[in-house]
$ cat input.txt   # compact mmCIF, C-alpha atoms
# COMPACT_ATOMS: atom_id res chain seq x y z
CA MET O 27 13.60 -1.16 27.27
CA LYS O 28 15.07 -2.51 24.04
CA ALA O 29 16.18 -0.31 21.16
CA VAL O 30 14.41 -0.60 17.78
CA TYR O 31 16.44 -0.84 14.58
CA ILE O 32 15.43 -0.65 10.94
CA ASN O 33 17.19 -3.56 9.24
CA GLY O 34 15.41 -3.72 5.91
CA ILE O 35 13.21 -1.62 3.65
CA GLY O 36 11.04 -2.38 0.65
CA SER O 37 8.93 -0.18 -1.57
CA VAL O 38 6.70 -0.10 -4.60
CA SER O 39 6.09 3.49 -5.61
CA ILE O 40 5.46 5.66 -8.63
CA GLN O 41 9.22 5.61 -9.21
CA ASP O 42 11.54 2.86 -10.38
CA GLN O 43 12.68 0.22 -7.91
CA ASP O 44 16.15 1.77 -7.50
CA ILE O 45 14.91 5.08 -6.11
CA PHE O 46 16.29 4.18 -2.65
CA ASP O 47 19.69 3.65 -4.24
CA PHE O 48 19.38 7.37 -4.94
CA ASN O 49 19.25 6.82 -8.65
CA PHE O 50 17.29 9.82 -9.90
CA GLU O 51 18.03 9.55 -13.61
CA LEU O 52 14.54 8.39 -14.53
CA ILE O 53 12.38 10.35 -12.12
CA SER O 54 8.81 10.61 -13.38
CA ASP O 55 7.31 14.09 -13.48
CA LEU O 56 4.17 14.31 -11.39
CA SER O 57 0.71 14.78 -12.84
CA ASP O 58 -2.62 15.10 -11.05
CA VAL O 59 -2.84 11.29 -10.71
CA ASN O 60 0.25 9.12 -10.47
CA TYR O 61 0.09 5.34 -10.71
CA ALA O 62 2.68 2.98 -9.23
CA LYS O 63 5.37 1.50 -11.43
CA HIS O 64 4.68 -2.16 -10.88
CA PRO O 65 7.56 -4.61 -10.82
CA SER O 66 7.04 -8.14 -12.11
CA TYR O 67 5.16 -9.94 -9.34
CA LYS O 68 5.16 -13.37 -10.97
CA GLU O 69 8.55 -14.39 -9.64
CA MET O 70 7.41 -13.71 -6.08
CA ILE O 71 3.73 -14.61 -5.97
CA PRO O 72 2.33 -17.95 -7.24
CA ALA O 73 0.00 -17.65 -10.25
CA ALA O 74 -2.87 -19.24 -8.31
CA MET O 75 -2.69 -16.46 -5.72
CA ILE O 76 -1.85 -13.53 -7.94
CA ARG O 77 -4.98 -13.79 -10.10
CA ARG O 78 -7.22 -12.74 -7.20
CA MET O 79 -5.03 -9.93 -5.95
CA ALA O 80 -5.70 -6.25 -6.52
CA GLN O 81 -2.74 -3.93 -7.01
CA GLY O 82 -2.51 -2.97 -3.33
CA VAL O 83 -2.08 -6.56 -2.23
CA LYS O 84 0.58 -7.24 -4.85
CA MET O 85 2.46 -4.05 -3.97
CA GLY O 86 2.29 -4.93 -0.27
CA ILE O 87 3.58 -8.46 -0.75
CA TYR O 88 6.41 -7.32 -3.00
CA ALA O 89 7.55 -4.43 -0.79
CA SER O 90 7.29 -6.45 2.44
CA GLN O 91 9.23 -9.40 1.04
CA ASN O 92 12.05 -7.10 -0.07
CA ALA O 93 12.20 -5.59 3.43
CA LEU O 94 12.33 -9.07 4.98
CA ASN O 95 15.00 -10.23 2.52
CA GLU O 96 17.23 -7.29 3.32
CA ALA O 97 16.82 -7.84 7.05
CA GLU O 98 17.37 -11.60 6.56
CA ILE O 99 14.13 -12.39 8.36
CA GLU O 100 12.21 -15.41 7.12
CA ILE O 101 9.08 -15.10 9.25
CA PRO O 102 8.59 -12.03 11.46
CA ASP O 103 7.05 -12.23 14.92
CA ALA O 104 4.33 -9.79 13.88
CA ILE O 105 2.92 -8.08 10.80
CA ILE O 106 1.50 -4.60 11.30
CA THR O 107 0.12 -2.55 8.43
CA GLY O 108 -1.43 0.85 8.00
CA THR O 109 -3.75 1.99 5.26
CA GLY O 110 -5.87 5.09 4.84
CA MET O 111 -8.36 3.75 2.34
CA GLY O 112 -7.75 -0.01 2.31
CA CYS O 113 -8.34 -2.27 -0.65
CA LEU O 114 -10.40 0.16 -2.67
CA GLN O 115 -10.28 -1.68 -5.99
CA ASP O 116 -12.05 -4.76 -4.61
CA SER O 117 -14.41 -2.62 -2.51
CA GLU O 118 -15.53 -0.79 -5.63
CA LYS O 119 -15.76 -4.05 -7.57
CA PHE O 120 -18.22 -5.75 -5.23
CA LEU O 121 -20.23 -2.58 -4.59
CA ARG O 122 -20.51 -2.12 -8.35
CA ALA O 123 -21.63 -5.74 -8.69
CA ILE O 124 -24.36 -5.18 -6.09
CA ILE O 125 -25.73 -2.24 -8.11
CA ASP O 126 -25.28 -3.74 -11.58
CA ASN O 127 -26.81 -7.12 -10.68
CA GLU O 128 -29.56 -5.70 -8.47
CA GLU O 129 -28.21 -7.47 -5.40
CA GLU O 130 -28.14 -10.87 -7.12
CA PHE O 131 -25.32 -13.05 -8.40
CA LEU O 132 -22.82 -11.76 -5.87
CA THR O 133 -19.54 -13.62 -5.71
CA PRO O 134 -17.26 -13.84 -2.71
CA THR O 135 -13.82 -13.05 -4.12
CA SER O 136 -13.84 -9.26 -4.25
CA PHE O 137 -15.78 -9.05 -0.98
CA ILE O 138 -13.22 -11.22 0.80
CA GLN O 139 -10.38 -9.10 -0.56
CA SER O 140 -12.02 -5.74 0.09
CA THR O 141 -11.33 -5.48 3.81
CA HIS O 142 -8.67 -3.11 5.06
CA ASN O 143 -6.59 -5.92 6.57
CA THR O 144 -6.37 -7.88 3.31
CA VAL O 145 -2.75 -6.91 2.65
CA GLY O 146 -1.55 -7.86 6.13
CA SER O 147 -3.42 -11.14 6.02
CA GLN O 148 -2.23 -12.06 2.52
CA ILE O 149 1.38 -11.39 3.57
CA ALA O 150 0.85 -13.64 6.60
CA LEU O 151 -0.81 -16.40 4.56
CA ARG O 152 2.02 -16.41 2.04
CA LEU O 153 4.70 -16.49 4.74
CA GLY O 154 2.83 -18.87 7.02
CA CYS O 155 3.16 -16.29 9.79
CA LYS O 156 0.74 -17.01 12.64
CA GLY O 157 1.92 -14.14 14.84
CA TYR O 158 0.22 -10.86 15.77
CA ASN O 159 -1.41 -9.35 12.70
CA PHE O 160 -2.99 -5.93 12.93
CA THR O 161 -4.03 -3.17 10.53
CA TYR O 162 -4.40 0.48 11.50
CA VAL O 163 -6.86 2.61 9.54
CA ASN O 164 -6.38 6.14 10.84
CA GLY O 165 -6.25 8.38 7.78
CA ALA O 166 -2.81 9.89 7.23
CA ASN O 167 -1.64 8.58 10.62
CA SER O 168 -2.26 4.93 9.67
CA PHE O 169 1.40 4.12 9.01
CA GLU O 170 2.64 6.02 12.06
CA ASN O 171 0.22 4.16 14.34
CA ALA O 172 1.39 0.86 12.87
CA LEU O 173 5.00 1.94 13.41
CA ASN O 174 4.29 3.00 16.98
CA ASP O 175 2.65 -0.34 17.77
CA ALA O 176 5.65 -2.19 16.32
CA LYS O 177 8.10 0.01 18.23
CA LEU O 178 6.28 -0.52 21.55
CA GLN O 179 6.19 -4.29 21.06
CA ILE O 180 9.92 -4.48 20.41
CA GLU O 181 10.78 -2.08 23.23
CA ASN O 182 8.74 -4.14 25.66
CA ASP O 183 10.21 -7.43 24.46
CA GLU O 184 6.90 -8.73 23.11
CA ALA O 185 8.49 -9.34 19.70
CA ASN O 186 11.99 -9.43 18.26
CA SER O 187 11.29 -8.82 14.60
CA ILE O 188 8.31 -7.05 13.07
CA LEU O 189 7.22 -6.26 9.55
CA VAL O 190 5.55 -2.86 9.44
CA GLY O 191 4.32 -0.88 6.47
CA GLY O 192 1.81 1.37 4.78
CA ILE O 193 -0.22 0.61 1.66
CA ASP O 194 -2.71 2.57 -0.38
CA GLU O 195 -3.99 1.97 -3.89
CA ILE O 196 -5.81 4.13 -6.43
CA SER O 197 -9.23 3.07 -7.67
CA ASP O 198 -11.26 4.73 -10.39
CA TYR O 199 -14.49 5.71 -8.69
CA THR O 200 -12.93 7.00 -5.48
CA LEU O 201 -10.50 8.95 -7.63
CA LYS O 202 -13.41 10.71 -9.34
CA LEU O 203 -14.96 11.58 -5.97
CA LEU O 204 -11.68 12.94 -4.59
CA LYS O 205 -11.30 15.08 -7.70
CA LYS O 206 -14.82 16.40 -7.35
CA ILE O 207 -14.13 17.66 -3.84
CA ASP O 208 -10.75 19.14 -4.86
CA VAL O 209 -8.66 16.83 -2.71
CA ILE O 210 -6.78 15.99 -5.91
CA LYS O 211 -5.50 18.69 -8.20
CA ASN O 212 -7.31 19.53 -11.39
CA GLU O 213 -5.48 18.07 -14.41
CA ASN O 214 -4.68 21.59 -15.63
CA SER O 215 -3.44 22.87 -12.27
CA SER O 216 0.20 23.66 -11.75
CA ILE O 217 2.19 21.37 -9.47
CA ASP O 218 4.64 23.61 -7.69
CA PHE O 219 6.12 22.35 -4.42
CA LYS O 220 8.22 25.44 -3.80
CA ASN O 221 5.42 27.92 -4.24
CA PRO O 222 2.05 26.14 -4.41
CA THR O 223 -0.63 28.23 -6.07
CA SER O 224 -3.36 25.63 -6.66
CA ILE O 225 -5.43 23.60 -4.25
CA GLY O 226 -5.37 19.81 -4.05
CA VAL O 227 -2.51 17.35 -4.22
CA PRO O 228 -0.81 15.31 -6.91
CA PHE O 229 -2.30 11.96 -5.93
CA GLY O 230 -0.47 8.65 -5.85
CA GLU O 231 -0.27 5.14 -4.44
CA GLY O 232 2.33 2.77 -3.10
CA ALA O 233 3.47 0.27 -0.49
CA ASN O 234 6.38 1.03 1.83
CA PHE O 235 7.61 -1.48 4.39
CA LEU O 236 10.23 -1.68 7.13
CA ALA O 237 11.63 -4.80 8.75
CA ILE O 238 12.46 -3.73 12.30
CA SER O 239 14.16 -5.63 15.04
CA SER O 240 15.71 -5.37 18.50
CA GLU O 241 18.92 -6.65 16.96
CA LYS O 242 21.36 -4.10 15.57
CA LYS O 243 23.23 -5.31 12.52
CA SER O 244 26.24 -4.01 10.65
CA ASN O 245 23.91 -2.94 7.83
CA SER O 246 21.12 -1.49 9.98
CA TYR O 247 19.62 1.71 8.61
CA ALA O 248 18.72 3.63 11.75
CA GLU O 249 17.26 3.44 15.22
CA ILE O 250 13.65 4.48 15.70
CA CYS O 251 13.66 6.80 18.72
CA ASP O 252 10.05 7.90 18.88
CA VAL O 253 6.76 8.26 17.03
CA PHE O 254 4.12 10.90 17.76
CA VAL O 255 0.68 11.41 16.25
CA GLN O 256 -1.97 14.04 16.84
CA ASN O 257 -5.15 14.50 14.84
CA LYS O 258 -5.41 18.29 15.22
CA ILE O 259 -2.82 20.91 16.07
CA GLU O 260 -3.26 24.67 15.89
CA ILE O 261 -0.41 26.25 13.95
CA SER O 262 0.36 28.42 16.95
CA ASP O 263 0.90 25.23 19.01
CA LEU O 264 3.13 23.45 16.49
CA LYS O 265 6.43 24.76 17.87
CA GLN O 266 5.52 23.78 21.42
CA THR O 267 4.35 20.34 20.26
CA VAL O 268 7.66 19.70 18.49
CA SER O 269 9.68 21.00 21.44
CA THR O 270 7.77 18.83 23.91
CA PHE O 271 8.29 15.79 21.67
CA LEU O 272 12.03 16.42 21.43
CA GLU O 273 12.33 17.14 25.17
CA ALA O 274 10.68 13.80 25.89
CA ASN O 275 13.52 12.29 23.88
CA LYS O 276 16.09 14.37 25.78
CA ILE O 277 17.21 16.40 22.78
CA ASP O 278 16.49 19.93 21.58
CA LEU O 279 15.83 21.55 18.23
CA SER O 280 19.51 22.29 17.64
CA GLN O 281 20.36 18.59 17.69
CA ILE O 282 18.18 17.75 14.69
CA ASP O 283 20.43 17.48 11.65
CA VAL O 284 17.85 16.83 8.95
CA LEU O 285 14.14 17.67 8.76
CA VAL O 286 12.07 15.53 6.39
CA VAL O 287 8.86 17.36 5.51
CA GLY O 288 5.79 16.00 3.75
CA ARG O 289 5.18 19.05 1.53
CA ASN O 290 2.59 18.10 -1.05
CA ALA O 291 2.13 21.15 -3.34
CA ASP O 292 -1.32 21.92 -1.91
CA SER O 293 -1.75 25.67 -1.43
CA ASN O 294 -4.18 24.84 1.36
CA PHE O 295 -2.66 23.68 4.65
CA ASN O 296 0.84 24.58 3.42
CA GLU O 297 1.26 26.94 6.39
CA TYR O 298 2.06 23.99 8.70
CA TYR O 299 5.06 23.12 6.57
CA THR O 300 6.11 26.76 6.39
CA GLU O 301 5.98 26.92 10.20
CA MET O 302 8.19 23.84 10.44
CA GLU O 303 10.55 25.32 7.86
CA THR O 304 10.92 28.43 10.04
CA LEU O 305 11.51 26.36 13.18
CA PHE O 306 14.37 24.51 11.53
CA GLU O 307 15.56 27.23 9.16
CA ASP O 308 19.26 26.64 9.87
CA LYS O 309 18.95 22.87 9.34
CA THR O 310 19.10 20.70 6.26
CA GLN O 311 15.54 20.13 5.04
CA ILE O 312 14.36 17.62 2.50
CA TYR O 313 11.05 16.92 0.78
CA TYR O 314 9.92 13.75 -0.97
CA LYS O 315 6.34 13.91 -2.23
CA HIS O 316 7.59 15.14 -5.60
CA LEU O 317 8.83 11.51 -5.81
CA SER O 318 6.05 9.61 -4.04
CA ALA O 319 3.02 11.86 -4.69
CA GLU O 320 0.44 12.18 -1.91
CA PHE O 321 -1.73 9.48 -0.33
CA ASP O 322 -2.61 8.51 3.21
CA THR O 323 0.51 6.43 3.80
CA ALA O 324 2.94 8.46 1.67
CA SER O 325 4.71 9.44 4.90
CA ALA O 326 6.05 5.87 5.04
CA PHE O 327 8.00 6.66 1.86
CA GLY O 328 9.46 9.65 3.75
CA VAL O 329 10.49 7.49 6.70
CA LEU O 330 12.19 5.04 4.32
CA LEU O 331 14.08 7.94 2.75
CA ALA O 332 15.05 9.29 6.19
CA ALA O 333 16.40 5.87 7.17
CA THR O 334 18.32 5.63 3.88
CA ILE O 335 19.86 9.08 4.44
CA LEU O 336 21.06 8.00 7.88
CA LYS O 337 22.54 4.81 6.51
CA LYS O 338 24.24 6.43 3.52
CA GLN O 339 25.04 9.71 5.29
CA GLU O 340 24.27 11.38 1.99
CA ILE O 341 21.53 13.65 0.69
CA PRO O 342 21.08 13.92 -3.07
CA ASN O 343 20.30 17.39 -4.43
CA GLU O 344 17.00 16.09 -5.78
CA LEU O 345 15.72 15.81 -2.21
CA LEU O 346 17.05 19.08 -0.79
CA TRP O 347 14.47 21.68 0.10
CA ASN O 348 16.91 24.37 1.19
CA ASN O 349 20.56 24.89 0.39
CA LYS O 350 21.87 23.82 3.78
CA SER O 351 24.41 21.07 3.39
CA MET O 352 24.90 18.34 5.94
CA SER O 353 28.20 16.88 7.05
CA GLN O 354 27.05 14.28 9.57
CA ALA O 355 23.48 13.23 10.32
CA ASN O 356 22.77 11.87 13.78
CA TYR O 357 19.13 12.78 14.21
CA VAL O 358 16.51 12.98 11.46
CA LEU O 359 13.02 14.25 12.24
CA CYS O 360 10.13 13.47 9.89
CA TYR O 361 7.06 15.72 10.00
CA ASN O 362 3.87 15.10 8.07
CA GLN O 363 0.28 16.33 7.97
CA TYR O 364 -2.48 15.90 5.43
CA ARG O 365 -5.15 18.53 4.87
CA GLY O 366 -4.26 20.19 8.16
CA LYS O 367 -4.93 17.02 10.16
CA ASP O 368 -3.21 13.79 11.13
CA HIS O 369 0.07 15.37 12.19
CA SER O 370 2.97 13.04 12.88
CA LEU O 371 6.57 13.19 14.04
CA VAL O 372 8.99 10.31 13.61
CA LEU O 373 12.44 10.64 15.14
CA LEU O 374 15.27 8.48 13.80
CA ARG O 375 18.86 8.27 15.03
CA ASN O 376 22.05 7.12 13.38
CA CYS O 377 23.14 3.72 14.68
CA MET B 2 -22.17 -27.74 -28.21
CA GLU B 3 -18.70 -26.77 -29.47
CA ASN B 4 -19.69 -23.11 -29.44
CA LEU B 5 -20.98 -23.45 -25.90
CA LYS B 6 -17.70 -25.02 -24.76
CA GLU B 7 -15.68 -22.18 -26.28
CA GLU B 8 -17.99 -19.61 -24.73
CA LEU B 9 -17.72 -21.33 -21.35
CA LYS B 10 -13.94 -21.40 -21.46
CA GLY B 11 -13.86 -17.68 -22.23
CA LYS B 12 -16.23 -16.87 -19.38
CA ILE B 13 -14.27 -19.01 -16.90
CA ILE B 14 -11.02 -17.27 -17.87
CA GLU B 15 -12.69 -13.87 -17.46
CA VAL B 16 -14.58 -14.53 -14.21
CA LEU B 17 -11.74 -16.36 -12.48
CA ASN B 18 -9.13 -13.94 -13.86
CA LEU B 19 -6.94 -16.80 -15.11
CA GLU B 20 -3.93 -14.80 -16.17
CA ASP B 21 -1.72 -16.29 -18.87
CA ILE B 22 -4.34 -18.90 -19.84
CA ASN B 23 -6.02 -18.84 -23.26
CA ILE B 24 -9.10 -20.70 -24.50
CA GLU B 25 -6.81 -23.07 -26.45
CA ASP B 26 -4.97 -24.00 -23.25
CA ILE B 27 -8.07 -25.54 -21.70
CA LYS B 28 -8.86 -29.04 -23.01
CA ASP B 29 -12.49 -30.20 -22.82
CA THR B 30 -11.61 -33.10 -20.54
CA ASP B 31 -8.98 -31.38 -18.36
CA PRO B 32 -10.05 -31.48 -14.70
CA LEU B 33 -11.13 -28.02 -13.53
CA PHE B 34 -10.11 -28.69 -9.94
CA GLY B 35 -6.97 -30.34 -8.61
CA ASP B 36 -4.34 -31.19 -11.19
CA GLY B 37 -5.96 -29.53 -14.21
CA LEU B 38 -6.74 -25.83 -13.97
CA GLY B 39 -6.09 -25.98 -10.24
CA LEU B 40 -9.29 -24.23 -9.19
CA ASP B 41 -10.30 -24.13 -5.53
CA SER B 42 -13.43 -23.80 -3.38
CA ILE B 43 -13.76 -20.04 -3.92
CA ASP B 44 -13.68 -20.67 -7.67
CA ALA B 45 -16.46 -23.24 -7.20
CA LEU B 46 -18.66 -20.49 -5.74
CA GLU B 47 -17.79 -18.24 -8.68
CA LEU B 48 -18.80 -21.04 -11.11
CA ILE B 49 -22.13 -21.54 -9.33
CA VAL B 50 -22.86 -17.82 -9.68
CA LEU B 51 -21.74 -17.91 -13.33
CA MET B 52 -24.21 -20.74 -14.08
CA ASP B 53 -27.03 -18.78 -12.43
CA LYS B 54 -26.21 -15.40 -13.97
CA GLN B 55 -25.37 -16.49 -17.50
CA TYR B 56 -27.57 -19.56 -18.02
CA GLY B 57 -30.33 -19.27 -15.42
CA ILE B 58 -29.34 -22.51 -13.69
CA LYS B 59 -29.69 -22.67 -9.92
CA LEU B 60 -27.84 -25.54 -8.30
CA SER B 61 -30.10 -26.59 -5.46
CA ASP B 62 -27.95 -29.52 -4.36
CA PRO B 63 -24.30 -28.51 -3.80
CA LYS B 64 -23.29 -32.19 -4.09
CA GLU B 65 -24.22 -32.04 -7.77
CA GLY B 66 -21.33 -29.63 -8.28
CA LYS B 67 -18.74 -32.37 -7.97
CA THR B 68 -20.14 -34.11 -11.05
CA ILE B 69 -21.04 -31.00 -13.03
CA PHE B 70 -17.74 -29.19 -12.53
CA GLN B 71 -15.50 -32.13 -13.42
CA ASN B 72 -14.41 -30.54 -16.67
CA ILE B 73 -15.61 -28.30 -19.52
CA GLU B 74 -17.32 -31.27 -21.20
CA THR B 75 -19.50 -32.13 -18.18
CA MET B 76 -20.24 -28.51 -17.45
CA ALA B 77 -21.27 -27.72 -21.03
CA LYS B 78 -23.52 -30.80 -21.17
CA TYR B 79 -25.28 -29.84 -17.93
CA ILE B 80 -25.77 -26.28 -19.15
CA ALA B 81 -27.15 -27.46 -22.53
CA ASP B 82 -29.65 -29.77 -20.78
CA ASN B 83 -30.78 -27.35 -18.07
CA ARG B 84 -30.35 -23.75 -19.24
CA THR B 85 -33.29 -21.38 -18.97
CA LYS B 86 -31.64 -18.48 -20.79

$ encode --input "input.txt" --output "structure tokens"
Amino acid sequence: MKAVYINGIGSVSIQDQDIFDFNFELISDLSDVNYAKHPSYKEMIPAAMIRRMAQGVKMGIYASQNALNEAEIEIPDAIITGTGMGCLQDSEKFLRAIIDNEEEFLTPTSFIQSTHNTVGSQIALRLGCKGYNFTYVNGANSFENALNDAKLQIENDEANSILVGGIDEISDYTLKLLKKIDVIKNENSSIDFKNPTSIGVPFGEGANFLAISSEKKSNSYAEICDVFVQNKIEISDLKQTVSTFLEANKIDLSQIDVLVVGRNADSNFNEYYTEMETLFEDKTQIYYKHLSAEFDTASAFGVLLAATILKKQEIPNELLWNNKSMSQANYVLCYNQYRGKDHSLVLLRNC
Amino acid sequence: MENLKEELKGKIIEVLNLEDINIEDIKDTDPLFGDGLGLDSIDALELIVLMDKQYGIKLSDPKEGKTIFQNIETMAKYIADNRTK
């Protein structure tokens, strides 16, 4: 079985482009809704294509191309994406047109671009990549399932280089609905990651991509050891689930150097993160959703950060959850859950 | 007719989301497809819907489109002669 290495990363998030250089000088404070800071797409995407693209597609193309550039991959063998909500902006656009025009005068553009696999297909069209192209839509496990598929293909020698990423975009109407059901924090609610007292999350959007390969390079970020997803876990079973996962990888809890947790300032469901904190209380722990905000594929931002920590062997204070310092990181474990469901573990190793 | 041409240019820019293009950039005789504005087959469908929605014109014969959508001039003339609203 071949090993799987992360050789390039790319991201469009609510932070500036240099966030993965650990430049935290211009960190944006979170609010209830946090929109991506869009780079200039015109240099990368032809004008004829860009005019039909919603934000999610543009973010996906930009982030994925940066990952490919860093990994020096021109055309990957496969493109695998994950998205919780898909291309919401175009979905809302054509549904709105159906209502407004009483089911007449419907045009194809927004319908064509509204499907969940639009980002993956647009990346492939632009690159001329005719390889395997698949999109996972599994809530907050969408990115992890995409990553697992990519990992299995490389391990089993079905592909040598794969582009894998997660994308989610904010759209107005869905935003209103999510606010109504308290998934998103009220605009007057406090956003306190350390001691959450209000329900809901600070909501965000973004695209986070990895270029992975069977080939280890001098500038590789990390090796992907394993990916685990489970829709529901009782809190009382969390410790056993983590232990079983680590045992399957022939390591134990004590060998984890850094725990990357997806804490999201929601007073509901926070107990899962507290349980993980207790399990790894003597280990360095970091959090990241104060930088990315929460959305279905925000965990991809966490995996990119974990890979960057392994490459740099450095953890900025802005990411530290506890005051445990780290001298050498060999294993980093990422844990995420969203609203008590869609639990995931991603294990990375220094390479 | 001049007003109609200006209106048409504005609607085309809006419907086709032609970023960085202003009404003044589109000449009346510039080809809409190919070398001119560079529109494609999906845009043609959008233009057919625009004609129906805005001017009440239903194109029954798709072959007519090639002549009608040559440029702003031909499109405006067809609309002026056939509009129902």

$ atom_distance --input "input.txt" --atom1 "atom CA of Val268 of chain O" --atom2 "atom CA of His369 of chain O"
10.8 Å

$ interface_residues --input "input.txt" --of "chain B" --to "chain O" --cutoff "8 Å" --atoms "all atoms listed in the file" --output "VMD selection string"
chain B and resid 17 to 20 39 43 46 to 47 50 to 51 53 to 54

$ axis_aligned_box --input "input.txt" --around "segment 324-327 of chain O" --padding-each-side "6 Å" --output "JSON"
{"center_x": 5.5, "center_y": 7.7, "center_z": 3.4, "size_x": 17.1, "size_y": 15.6, "size_z": 15.4}

$ residues_around --input "input.txt" --residues "Lys64 of chain B" --least-positions-apart "6" --cutoff "12 Å" --atoms "only C-alpha atoms" --output "PDB file with C-alpha atoms, in the frame of the given file"
ATOM      1  CA  ALA B  45     -16.460 -23.240  -7.200  1.00  0.00           C
ATOM      2  CA  ILE B  49     -22.130 -21.540  -9.330  1.00  0.00           C
ATOM      3  CA  PHE B  70     -17.740 -29.190 -12.530  1.00  0.00           C
TER       4      PHE B  70
END

$ atom_distance --input "input.txt" --atom1 "atom CA of Ala319 of chain O" --atom2 "atom CA of Met302 of chain O"
20.0 Å

$ residues_around --input "input.txt" --residues "segment 218-221 of chain O" --least-positions-apart "6" --cutoff "12 Å" --atoms "all atoms listed in the file" --output "NGL selection string"
:O and (55-58 or 211 or 227-228 or 287-294 or 296-297 or 299-300 or 303 or 312-317 or 319-320 or 345-348)
